[in-house]
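Structure file entry-v5.csv (CSV, C-alpha atoms and all ligand atoms) is printed below.
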chain,number,residue,atom,x,y,z
M,10,MET,CA,-16.9,21.3,-28.7
M,11,ASN,CA,-14.3,23.2,-26.5
M,12,LYS,CA,-15.2,21.3,-23.4
M,13,LYS,CA,-12.4,20.5,-21.0
M,14,LYS,CA,-11.2,17.0,-21.9
M,15,HIS,CA,-11.0,14.0,-19.5
M,16,PHE,CA,-7.8,13.1,-17.7
M,17,GLU,CA,-7.1,10.1,-20.0
M,18,THR,CA,-7.6,12.2,-23.1
M,19,GLU,CA,-5.3,15.1,-22.0
M,20,ALA,CA,-2.6,12.5,-21.1
M,21,ILE,CA,-2.6,11.4,-24.7
M,22,ARG,CA,-3.8,14.4,-26.8
M,23,GLU,CA,-1.9,17.2,-25.1
M,24,GLN,CA,0.8,17.1,-27.7
M,25,LEU,CA,3.2,19.3,-29.6
M,26,ASN,CA,2.2,20.5,-33.0
M,27,ARG,CA,3.3,18.2,-35.8
M,28,THR,CA,6.3,19.0,-37.8
M,29,GLN,CA,6.5,18.9,-41.7
M,30,TYR,CA,7.0,15.1,-41.4
M,31,SER,CA,3.5,14.6,-40.0
M,32,GLU,CA,4.6,12.3,-37.3
M,33,HIS,CA,1.8,10.7,-35.2
M,34,SER,CA,3.9,10.4,-32.0
M,35,THR,CA,6.0,13.3,-30.8
M,36,PRO,CA,9.7,13.0,-32.0
M,37,LEU,CA,12.7,13.4,-29.8
M,38,TYR,CA,14.3,16.9,-30.0
M,39,LEU,CA,17.9,16.1,-29.0
M,40,THR,CA,19.4,19.5,-29.5
M,41,SER,CA,21.2,21.8,-27.1
M,42,SER,CA,20.2,25.0,-28.8
M,43,PHE,CA,17.9,26.5,-31.4
M,44,VAL,CA,18.5,28.9,-34.3
M,45,PHE,CA,17.0,32.3,-35.2
M,46,ASP,CA,15.9,33.7,-38.6
M,47,ASP,CA,17.9,36.9,-38.2
M,48,ALA,CA,19.2,39.4,-35.6
M,49,GLU,CA,15.8,40.8,-34.9
M,50,ASP,CA,14.3,37.4,-34.3
M,51,MET,CA,17.1,36.6,-31.9
M,52,ARG,CA,16.7,39.9,-30.0
M,53,ALA,CA,13.0,39.5,-29.7
M,54,SER,CA,13.3,35.9,-28.6
M,55,PHE,CA,15.8,36.8,-25.9
M,56,ALA,CA,13.7,39.7,-24.8
M,57,GLU,CA,10.8,37.1,-24.4
M,58,GLU,CA,8.6,39.1,-26.8
M,59,LYS,CA,8.3,35.8,-28.6
M,60,GLU,CA,7.7,32.4,-27.2
M,61,LYS,CA,10.7,30.6,-28.8
M,62,ASN,CA,13.1,27.9,-27.6
M,63,LEU,CA,16.6,29.4,-27.2
M,64,TYR,CA,18.6,26.8,-25.3
M,65,SER,CA,17.6,23.4,-23.8
M,66,ARG,CA,18.8,24.5,-20.3
M,67,PHE,CA,15.8,26.9,-20.5
M,68,THR,CA,13.2,25.1,-22.5
M,69,ASN,CA,13.0,22.3,-25.1
M,70,PRO,CA,9.9,21.0,-27.1
M,71,ASN,CA,10.0,17.7,-25.3
M,72,THR,CA,10.1,19.2,-21.8
M,73,THR,CA,7.3,21.6,-22.8
M,74,GLU,CA,5.1,18.7,-23.8
M,75,PHE,CA,5.7,16.9,-20.6
M,76,ILE,CA,5.1,20.0,-18.5
M,77,ASP,CA,1.9,20.9,-20.4
M,78,LYS,CA,0.5,17.4,-19.6
M,79,VAL,CA,1.3,17.7,-15.9
M,80,VAL,CA,-0.1,21.2,-15.8
M,81,ALA,CA,-3.4,20.0,-17.4
M,82,MET,CA,-3.5,16.9,-15.1
M,83,GLU,CA,-3.0,19.0,-11.9
M,84,GLY,CA,-5.3,21.8,-13.0
M,85,ALA,CA,-2.4,24.2,-12.6
M,86,GLU,CA,-1.6,27.4,-14.5
M,87,SER,CA,2.0,26.7,-15.3
M,88,GLY,CA,5.0,24.4,-14.6
M,89,TYR,CA,8.6,23.6,-15.1
M,90,ALA,CA,10.5,20.3,-15.4
M,91,PHE,CA,13.7,19.2,-13.6
M,92,ALA,CA,16.3,16.5,-13.8
M,93,THR,CA,15.0,14.9,-10.6
M,94,GLY,CA,12.3,15.3,-7.9
M,95,MET,CA,14.9,16.7,-5.5
M,96,ALA,CA,15.9,19.3,-8.1
M,97,ALA,CA,12.3,20.4,-8.4
M,98,ILE,CA,12.0,20.7,-4.6
M,99,PHE,CA,15.3,22.5,-4.1
M,100,SER,CA,14.7,24.9,-7.0
M,101,THR,CA,11.2,25.7,-5.6
M,102,PHE,CA,12.7,26.6,-2.2
M,103,GLY,CA,15.7,28.4,-3.9
M,104,ALA,CA,13.4,30.5,-6.0
M,105,LEU,CA,10.7,31.4,-3.5
M,106,LEU,CA,12.6,31.8,-0.2
M,107,ASN,CA,14.9,34.6,1.0
M,108,SER,CA,17.4,34.7,3.8
M,109,GLY,CA,15.5,35.0,7.1
M,110,ASP,CA,12.4,33.2,5.9
M,111,HIS,CA,10.8,30.3,7.8
M,112,ILE,CA,9.1,27.0,6.7
M,113,VAL,CA,6.6,25.0,8.6
M,114,SER,CA,6.7,21.4,7.5
M,115,CYS,CA,5.3,18.0,8.4
M,116,SER,CA,8.2,16.0,10.0
M,117,SER,CA,7.3,13.0,7.9
M,118,VAL,CA,8.9,14.1,4.6
M,119,PHE,CA,11.2,12.3,2.2
M,120,GLY,CA,14.7,11.9,3.6
M,121,SER,CA,16.5,14.2,1.2
M,122,THR,CA,13.9,16.9,1.7
M,123,HIS,CA,14.5,16.6,5.4
M,124,THR,CA,18.2,17.0,4.7
M,125,LEU,CA,17.5,20.2,2.8
M,126,PHE,CA,15.7,21.6,5.9
M,127,THR,CA,18.3,20.6,8.4
M,128,LYS,CA,21.6,20.9,6.5
M,129,TYR,CA,21.4,23.2,3.5
M,130,LEU,CA,18.6,25.8,4.0
M,131,PRO,CA,20.0,26.9,7.4
M,132,LYS,CA,23.2,27.9,5.5
M,133,TRP,CA,21.0,30.7,4.0
M,134,ASN,CA,19.4,31.5,7.3
M,135,ILE,CA,16.2,29.7,6.5
M,136,GLU,CA,14.8,27.7,9.4
M,137,THR,CA,12.1,25.0,9.5
M,138,SER,CA,9.7,24.1,12.3
M,139,TYR,CA,8.0,20.7,12.3
M,140,PHE,CA,4.6,19.3,13.1
M,141,LYS,CA,3.9,15.6,13.5
M,142,VAL,CA,1.7,13.9,11.0
M,143,ASN,CA,-1.0,13.4,13.6
M,144,GLU,CA,-0.7,16.9,15.2
M,145,THR,CA,-2.1,19.2,12.5
M,146,ASP,CA,-3.8,21.0,15.3
M,147,LYS,CA,-0.4,22.4,16.3
M,148,ILE,CA,0.4,23.9,12.9
M,149,GLU,CA,-0.9,27.4,13.6
M,150,GLU,CA,1.2,27.6,16.8
M,151,LEU,CA,4.3,27.1,14.7
M,152,ILE,CA,3.5,29.9,12.2
M,153,GLN,CA,5.7,33.0,12.7
M,154,SER,CA,5.7,36.4,11.1
M,155,ASN,CA,8.5,35.3,8.8
M,156,THR,CA,6.8,32.0,7.8
M,157,LYS,CA,6.6,31.8,4.0
M,158,ILE,CA,5.8,28.2,3.3
M,159,LEU,CA,3.7,25.3,4.7
M,160,TYR,CA,5.1,22.1,3.3
M,161,ALA,CA,3.8,18.5,3.3
M,162,GLU,CA,3.6,15.2,1.5
M,163,SER,CA,0.5,12.9,1.4
M,164,PRO,CA,0.6,10.0,1.6
M,165,THR,CA,3.9,10.1,3.3
M,166,ASN,CA,7.1,8.2,2.5
M,167,PRO,CA,7.6,5.5,3.9
M,168,ALA,CA,4.9,5.3,6.6
M,169,VAL,CA,1.9,6.0,4.3
M,170,ASP,CA,0.3,8.5,6.7
M,171,VAL,CA,-2.4,10.8,5.2
M,172,LEU,CA,-2.7,14.6,5.7
M,173,ASP,CA,-5.9,16.5,5.3
M,174,LEU,CA,-5.2,18.8,2.3
M,175,GLU,CA,-8.3,20.9,2.8
M,176,LEU,CA,-7.2,21.7,6.3
M,177,LEU,CA,-3.7,22.6,5.2
M,178,GLY,CA,-5.2,24.8,2.4
M,179,LYS,CA,-7.3,26.7,4.9
M,180,ILE,CA,-4.5,27.3,7.3
M,181,ALA,CA,-2.2,28.5,4.5
M,182,LYS,CA,-4.9,30.9,3.2
M,183,LYS,CA,-5.7,32.2,6.7
M,184,HIS,CA,-2.0,33.1,7.3
M,185,GLY,CA,-1.2,34.3,3.8
M,186,ILE,CA,1.5,31.7,3.3
M,187,LEU,CA,2.3,29.4,0.4
M,188,LEU,CA,1.2,25.8,0.5
M,189,ILE,CA,3.5,23.4,-1.2
M,190,ILE,CA,2.6,19.7,-1.6
M,191,ASP,CA,4.8,16.8,-2.7
M,192,ASN,CA,2.2,14.8,-4.7
M,193,CYS,CA,4.6,12.0,-5.7
M,194,PHE,CA,2.9,9.1,-4.0
M,195,ALA,CA,-0.6,10.0,-5.3
M,196,THR,CA,0.3,11.2,-8.8
M,197,PRO,CA,-2.0,13.8,-10.5
M,198,TYR,CA,-4.3,10.9,-11.4
M,199,LEU,CA,-5.3,10.2,-7.8
M,200,MET,CA,-5.1,13.6,-6.2
M,201,ASN,CA,-5.0,17.3,-7.2
M,202,PRO,CA,-3.7,19.4,-4.2
M,203,ILE,CA,-4.4,22.6,-6.1
M,204,LYS,CA,-8.1,21.9,-5.6
M,205,TYR,CA,-7.5,22.3,-1.9
M,206,GLY,CA,-5.5,25.5,-2.1
M,207,ALA,CA,-1.9,24.3,-2.9
M,208,ASP,CA,0.1,27.1,-4.6
M,209,ILE,CA,2.8,24.7,-5.9
M,210,VAL,CA,2.7,20.9,-6.4
M,211,VAL,CA,6.0,19.1,-6.8
M,212,HIS,CA,6.6,15.6,-8.1
M,213,SER,CA,9.4,13.1,-8.4
M,214,ALA,CA,8.5,11.9,-12.0
M,215,THR,CA,11.0,9.1,-11.3
M,216,LYS,CA,8.2,7.1,-9.6
M,217,LEU,CA,4.8,6.3,-10.9
M,218,MET,CA,4.9,8.9,-13.7
M,219,ASP,CA,7.7,6.9,-15.4
M,220,GLY,CA,6.4,3.8,-13.8
M,221,GLN,CA,8.9,1.5,-15.3
M,222,GLY,CA,12.1,2.3,-13.4
M,223,ARG,CA,13.9,3.9,-16.3
M,224,VAL,CA,14.5,7.6,-16.0
M,225,LEU,CA,14.8,10.3,-13.3
M,226,GLY,CA,12.7,13.4,-13.5
M,227,GLY,CA,10.9,16.1,-11.4
M,228,VAL,CA,8.3,18.7,-12.0
M,229,ALA,CA,6.8,21.7,-10.2
M,230,VAL,CA,3.4,23.1,-11.2
M,231,GLY,CA,1.2,25.8,-9.8
M,232,LYS,CA,0.5,29.5,-9.9
M,233,LYS,CA,1.9,31.3,-12.9
M,234,GLU,CA,3.8,34.1,-11.1
M,235,LEU,CA,5.4,31.6,-8.7
M,236,ILE,CA,6.4,29.2,-11.5
M,237,ARG,CA,7.9,32.2,-13.3
M,238,GLU,CA,10.3,32.7,-10.4
M,239,ILE,CA,11.1,29.0,-10.3
M,240,TYR,CA,11.8,28.9,-14.0
M,241,LEU,CA,14.1,31.9,-13.7
M,242,PHE,CA,16.0,30.2,-10.9
M,243,ALA,CA,16.3,27.0,-12.8
M,244,ARG,CA,17.2,28.7,-16.1
M,245,ASN,CA,20.2,30.3,-14.3
M,246,THR,CA,21.2,27.4,-12.0
M,247,GLY,CA,20.8,24.5,-14.5
M,248,PRO,CA,18.8,21.7,-13.1
M,249,ALA,CA,16.7,21.2,-16.3
M,250,MET,CA,15.2,17.9,-17.3
M,251,SER,CA,16.9,16.3,-20.3
M,252,PRO,CA,14.9,16.2,-23.5
M,253,PHE,CA,15.3,12.4,-23.7
M,254,ASN,CA,13.9,11.9,-20.2
M,255,ALA,CA,11.0,14.3,-21.0
M,256,TRP,CA,10.2,12.3,-24.2
M,257,VAL,CA,10.2,9.1,-22.2
M,258,LEU,CA,8.1,10.6,-19.4
M,259,SER,CA,5.6,12.3,-21.7
M,260,LYS,CA,4.9,8.9,-23.3
M,261,SER,CA,4.7,7.3,-19.9
M,262,LEU,CA,2.0,9.8,-18.9
M,263,GLU,CA,-0.2,8.5,-21.8
M,264,THR,CA,-0.7,5.3,-19.8
M,265,LEU,CA,-0.6,6.7,-16.2
M,266,SER,CA,-4.3,6.3,-15.5
M,267,ILE,CA,-4.5,2.6,-16.5
M,268,ARG,CA,-1.2,1.7,-14.9
M,269,VAL,CA,-2.2,3.5,-11.6
M,270,ASP,CA,-5.6,1.9,-11.6
M,271,LYS,CA,-4.0,-1.5,-11.8
M,272,HIS,CA,-1.3,-0.6,-9.2
M,273,CYS,CA,-4.0,0.5,-6.8
M,274,ASP,CA,-6.1,-2.6,-7.4
M,275,ASN,CA,-3.1,-4.9,-6.7
M,276,ALA,CA,-2.1,-2.8,-3.6
M,277,LEU,CA,-5.5,-3.0,-2.0
M,278,LYS,CA,-5.5,-6.8,-2.4
M,279,VAL,CA,-2.0,-7.0,-1.0
M,280,ALA,CA,-3.0,-4.8,2.0
M,281,GLU,CA,-6.1,-6.9,2.6
M,282,PHE,CA,-4.0,-10.1,2.5
M,283,LEU,CA,-1.4,-8.6,4.9
M,284,GLU,CA,-4.1,-7.6,7.4
M,285,LYS,CA,-5.1,-11.2,7.8
M,286,GLN,CA,-1.6,-12.5,8.6
M,287,ALA,CA,-0.3,-13.5,12.0
M,288,GLY,CA,3.0,-11.9,12.5
M,289,VAL,CA,1.8,-8.6,10.9
M,290,LYS,CA,0.9,-6.1,13.5
M,291,GLN,CA,-0.5,-3.1,11.6
M,292,VAL,CA,-1.1,-2.5,7.9
M,293,LYS,CA,-1.2,1.0,6.6
M,294,TYR,CA,-2.9,1.6,3.2
M,295,PRO,CA,-5.1,4.7,2.7
M,296,PHE,CA,-8.1,2.8,1.3
M,297,LEU,CA,-8.2,0.2,4.1
M,298,LYS,CA,-10.9,1.0,6.6
M,299,SER,CA,-8.4,0.5,9.4
M,300,HIS,CA,-6.2,3.4,8.2
M,301,PRO,CA,-6.5,6.2,10.8
M,302,LYS,CA,-7.2,8.7,8.0
M,303,TYR,CA,-9.4,6.5,5.8
M,304,GLU,CA,-12.2,9.1,5.5
M,305,ILE,CA,-9.8,11.9,4.5
M,306,ALA,CA,-8.0,9.6,2.0
M,307,LYS,CA,-11.4,8.7,0.5
M,308,LYS,CA,-12.3,12.4,0.3
M,309,GLN,CA,-9.1,13.6,-1.4
M,310,MET,CA,-7.9,10.6,-3.4
M,311,ARG,CA,-9.5,8.7,-6.3
M,312,LEU,CA,-7.8,5.4,-5.1
M,313,GLY,CA,-5.3,4.5,-2.4
M,314,GLY,CA,-2.0,4.5,-4.4
M,315,ASN,CA,0.5,1.7,-4.7
M,316,ILE,CA,2.4,1.9,-1.4
M,317,VAL,CA,1.5,-0.4,1.5
M,318,ALA,CA,3.3,-0.2,4.8
M,319,PHE,CA,3.2,-2.8,7.5
M,320,GLU,CA,4.7,-3.6,10.8
M,321,ILE,CA,6.3,-7.0,11.1
M,322,ASP,CA,6.4,-8.7,14.5
M,323,GLY,CA,10.0,-8.9,15.7
M,324,GLY,CA,11.5,-5.5,14.8
M,325,ILE,CA,14.7,-5.0,12.9
M,326,LYS,CA,15.7,-8.7,12.9
M,327,ALA,CA,12.4,-9.9,11.6
M,328,GLY,CA,12.4,-7.1,8.9
M,329,ARG,CA,15.8,-8.2,7.6
M,330,LYS,CA,14.8,-11.9,7.6
M,331,PHE,CA,11.6,-11.0,5.7
M,332,LEU,CA,13.6,-9.2,3.0
M,333,ASN,CA,16.1,-12.1,2.7
M,334,ASN,CA,13.3,-14.6,2.2
M,335,LEU,CA,11.7,-12.8,-0.8
M,336,GLN,CA,12.1,-14.7,-4.0
M,337,MET,CA,10.6,-12.4,-6.6
M,338,CYS,CA,10.0,-8.9,-5.2
M,339,SER,CA,13.0,-6.6,-5.6
M,340,LEU,CA,15.1,-5.0,-2.8
M,341,SER,CA,15.6,-1.6,-4.4
M,342,ALA,CA,15.6,2.0,-3.4
M,343,ASN,CA,13.0,3.1,-6.0
M,344,LEU,CA,9.2,2.9,-5.9
M,345,GLY,CA,6.4,3.2,-8.3
M,346,ASP,CA,7.9,0.6,-10.7
M,347,THR,CA,6.1,-2.2,-12.6
M,348,ARG,CA,8.2,-4.5,-10.4
M,349,THR,CA,7.1,-4.9,-6.8
M,350,ILE,CA,9.8,-3.4,-4.5
M,351,VAL,CA,10.2,-4.0,-0.8
M,352,THR,CA,12.2,-1.9,1.6
M,353,HIS,CA,12.9,-2.0,5.4
M,354,PRO,CA,13.6,1.6,6.3
M,355,ALA,CA,14.9,1.0,9.9
M,356,SER,CA,17.8,-1.1,8.6
M,357,THR,CA,18.5,0.8,5.4
M,358,THR,CA,17.4,4.4,4.5
M,359,HIS,CA,16.9,5.5,8.1
M,360,SER,CA,19.4,3.3,9.9
M,361,LYS,CA,21.6,6.3,10.8
M,362,LEU,CA,18.8,7.9,12.9
M,363,SER,CA,18.3,6.9,16.5
M,364,GLU,CA,15.2,4.8,17.3
M,365,GLU,CA,13.7,7.9,19.0
M,366,ASP,CA,14.2,10.1,15.8
M,367,ARG,CA,12.8,7.3,13.7
M,368,LEU,CA,9.7,7.1,15.8
M,369,GLU,CA,9.3,10.9,15.4
M,370,VAL,CA,8.5,10.2,11.8
M,371,SER,CA,6.5,7.0,12.3
M,372,ILE,CA,9.3,4.6,11.3
M,373,THR,CA,9.1,1.7,13.7
M,374,ASP,CA,11.8,-1.0,13.7
M,375,GLY,CA,9.5,-3.5,12.0
M,376,LEU,CA,8.1,-1.2,9.3
M,377,VAL,CA,8.2,-2.7,5.9
M,378,ARG,CA,7.3,-0.6,2.8
M,379,VAL,CA,5.9,-2.4,-0.3
M,380,SER,CA,5.7,-0.6,-3.6
M,381,VAL,CA,3.2,-2.8,-5.2
M,382,GLY,CA,3.9,-3.5,-8.9
M,383,LEU,CA,2.0,-4.7,-11.9
M,384,GLU,CA,2.9,-8.4,-11.7
M,385,HIS,CA,-0.1,-10.7,-11.3
M,386,VAL,CA,-1.3,-10.0,-7.8
M,387,ASP,CA,-1.4,-13.7,-6.8
M,388,ASP,CA,2.3,-13.9,-7.5
M,389,ILE,CA,3.0,-10.9,-5.4
M,390,ILE,CA,1.0,-12.3,-2.5
M,391,ASN,CA,2.6,-15.7,-2.8
M,392,ASP,CA,6.0,-14.1,-2.5
M,393,LEU,CA,5.1,-12.0,0.5
M,394,ASN,CA,3.4,-15.1,2.1
M,395,PHE,CA,6.4,-17.2,1.6
M,396,ALA,CA,8.8,-14.6,3.0
M,397,LEU,CA,6.5,-14.1,6.1
M,398,ASN,CA,6.3,-17.8,6.9
M,399,ALA,CA,9.8,-19.1,5.8
K,1,LIG,C1,8.0,11.7,-1.8
K,1,LIG,C2,9.2,11.9,-2.5
K,1,LIG,N1,9.6,13.1,-2.9
K,1,LIG,C3,10.7,13.3,-3.6
K,1,LIG,C4,11.6,12.3,-4.0
K,1,LIG,C5,12.8,12.6,-4.7
K,1,LIG,O1,12.7,12.3,-6.0
K,1,LIG,P1,14.0,12.0,-7.0
K,1,LIG,O2,14.6,10.7,-6.5
K,1,LIG,O3,13.4,11.9,-8.4
K,1,LIG,O4,14.9,13.1,-6.8
K,1,LIG,C6,11.2,11.0,-3.6
K,1,LIG,C7,12.1,9.9,-4.0
K,1,LIG,O5,11.9,8.7,-3.5
K,1,LIG,C8,10.0,10.8,-2.9
K,1,LIG,O6,9.7,9.5,-2.5
How does this structure look as structure tokens?
Amino acid sequence: MNKKKHFETEAIREQLNRTQYSEHSTPLYLTSSFVFDDAEDMRASFAEEKEKNLYSRFTNPNTTEFIDKVVAMEGAESGYAFATGMAAIFSTFGALLNSGDHIVSCSSVFGSTHTLFTKYLPKWNIETSYFKVNETDKIEELIQSNTKILYAESPTNPAVDVLDLELLGKIAKKHGILLIIDNCFATPYLMNPIKYGADIVVHSATKLMDGQGRVLGGVAVGKKELIREIYLFARNTGPAMSPFNAWVLSKSLETLSIRVDKHCDNALKVAEFLEKQAGVKQVKYPFLKSHPKYEIAKKQMRLGGNIVAFEIDGGIKAGRKFLNNLQMCSLSANLGDTRTIVTHPASTTHSKLSEEDRLEVSITDGLVRVSVGLEHVDDIINDLNFALNA
């Protein structure tokens, strides 16, 4: 009877032990600190001879439950939860890198991660070399004797490119470097990078994990000894997830699979609709046959995710007009919400980059990103159709 449980079951039944009140659903432990029975209990707890909560900057029952679920979902050994996805990414680098180390990263990474590489890590003498999303054959040339980490996201934000995780895993193993994957767009329900050799997987829990646009969160899971370093870094620098957010997020994970199934179903229909529209040049969705990495997406993802990117004819002007014509879909910086969200990176998030720099990371002037929500798909399509033709 000790068989490994299915994803959906772990998401619900991986739960803290009940208290003396026999609650069915885990309560919220809003407490900054915890008490000890006596001096010896306190000594042994601080010496980590006992697994006890000491202080919520270190651990808290609600964050533990959330972490345990993500660890089970990703097939990881251990994990730690953070206030945001960026806190998870920065703490991972902070804990695992030393001055003089080098990173090889895909150039198509989330904007703030890119800023870490270009503005902050160089302060500690940590440099990054980049490979383009379609030039994975160049990765090995970029690896140096001081390279410590190979870093990538898949699918990428915002252009929805797909990287071959099996290939990245093989390269990292061959060169004895760590593979770190940001699995935010896929979620642990759609893809498990550890299966392909990732040492650490990071997430912004703010996106599909919460799924309802309420709380911020981040999590890093992976090999026990690496997570231990990340935990010690976080314990001393203070980016811990709040117990309240962990409580919300742990309950959100109970419904992750059914929500993501529906998001993906809607997103595929939206992508298929967009492909047929005049005025739309290219639609990128991992499970569309026309996606350049369709076969790889099929191999490593259960479904295609909820993000669709497309190229609108007419560049920046047409992109802005399209956004202005939307009646229902939200213009918002988030993604992975129940509400469909549309963004135009060239005129917003990436407007400070030159056209050349934007093109380096596949952001064309007419690129529109749709985070497909859970409204009825006909209503989403009607809104997009109206905005395209108005
Ligand atoms: C791929 C990816 N990674 C990391 C982050 C950062 O997450 P957070 O906003 O929770 O810090 C985001 C946010 O949009 C993201 O899209």
_Using only C-alpha atoms and all ligand atoms, which residues of the polymer chains come no farther than 6 Å from ligand LIG 1 (chain K)? I'd like the answer as a ChimeraX atom specification._
/M:93-95,119,166,193,213,215,225-227
*asked:* I'd like the neighbourhood of Gly323 in chain M as a PyMOL selection string, where a residue qualifies if any of its atoms comes within 9 Å (using all atoms listed in the file), though same-chain residues fewer than 3 positions away should be ignored.
replied: chain M and resi 288+320+326-328+374-375
*Thr373 in chain M surroundings by only C-alpha atoms, 12 Å radius, close-in-sequence under 6 positions cut, as a PyMOL selection string*: chain M and resi 167-168+290-291+318-325+328+353-356+359-360+362-367
Val317 in chain M surroundings by only C-alpha atoms, 8 Å radius, close-in-sequence under 6 positions cut, as a short mmCIF file (atom, residue, chain, number, x, y, z; two decimals) with C-alpha atoms, in the frame of the given file:
data_model
loop_
_atom_site.label_atom_id
_atom_site.label_comp_id
_atom_site.auth_asym_id
_atom_site.auth_seq_id
_atom_site.Cartn_x
_atom_site.Cartn_y
_atom_site.Cartn_z
CA VAL M 169 1.90 6.00 4.30
CA ALA M 276 -2.10 -2.80 -3.60
CA VAL M 279 -2.00 -7.00 -1.00
CA ALA M 280 -3.00 -4.80 2.00
CA VAL M 292 -1.10 -2.50 7.90
CA LYS M 293 -1.20 1.00 6.60
CA TYR M 294 -2.90 1.60 3.20
CA ARG M 378 7.30 -0.60 2.80
CA VAL M 379 5.90 -2.40 -0.30
CA SER M 380 5.70 -0.60 -3.60
CA VAL M 381 3.20 -2.80 -5.20
#
*Spatial neighbours of Arg348 in chain M, max dist 12 Å, only C-alpha atoms, sep filter under 4 positions, as a list in words*: Lys216, Leu217, Gly220, Gln221, Gly222, Arg223, His272, Asn275, Asn315, Met337, Cys338, Ser339, Leu340, Ser341, Asn343, Leu344, Val379, Ser380, Val381, Gly382, Leu383, Glu384, His385, Val386, Asp388 and Ile389 of chain M
Just the selected residues (C-alpha atoms), exported as a compact mmCIF listing (two decimals), keeping the file's coordinate frame, please.
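Saved to part09.txt:
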# COMPACT_ATOMS: atom_id res chain seq x y z
CA LYS M 216 8.20 7.10 -9.60
CA LEU M 217 4.80 6.30 -10.90
CA GLY M 220 6.40 3.80 -13.80
CA GLN M 221 8.90 1.50 -15.30
CA GLY M 222 12.10 2.30 -13.40
CA ARG M 223 13.90 3.90 -16.30
CA HIS M 272 -1.30 -0.60 -9.20
CA ASN M 275 -3.10 -4.90 -6.70
CA ASN M 315 0.50 1.70 -4.70
CA MET M 337 10.60 -12.40 -6.60
CA CYS M 338 10.00 -8.90 -5.20
CA SER M 339 13.00 -6.60 -5.60
CA LEU M 340 15.10 -5.00 -2.80
CA SER M 341 15.60 -1.60 -4.40
CA ASN M 343 13.00 3.10 -6.00
CA LEU M 344 9.20 2.90 -5.90
CA VAL M 379 5.90 -2.40 -0.30
CA SER M 380 5.70 -0.60 -3.60
CA VAL M 381 3.20 -2.80 -5.20
CA GLY M 382 3.90 -3.50 -8.90
CA LEU M 383 2.00 -4.70 -11.90
CA GLU M 384 2.90 -8.40 -11.70
CA HIS M 385 -0.10 -10.70 -11.30
CA VAL M 386 -1.30 -10.00 -7.80
CA ASP M 388 2.30 -13.90 -7.50
CA ILE M 389 3.00 -10.90 -5.40
*Find, counting all atoms listed in the file, the residue in M:His123, M:Lys128, M:Lys61, M:His184 that gets nearest to Ile152 in chain M.*
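Between M:His123, M:Lys128, M:Lys61, M:His184, the residue approaching Ile152 in chain M most closely is M:His184.
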*Contact residues around Thr246 in chain M with all atoms listed in the file at 10 Å, ignoring same-chain residues under 4 positions, as a list in words*: Arg66, Ser100, Gly103, Tyr240, Leu241 and Phe242 of chain M
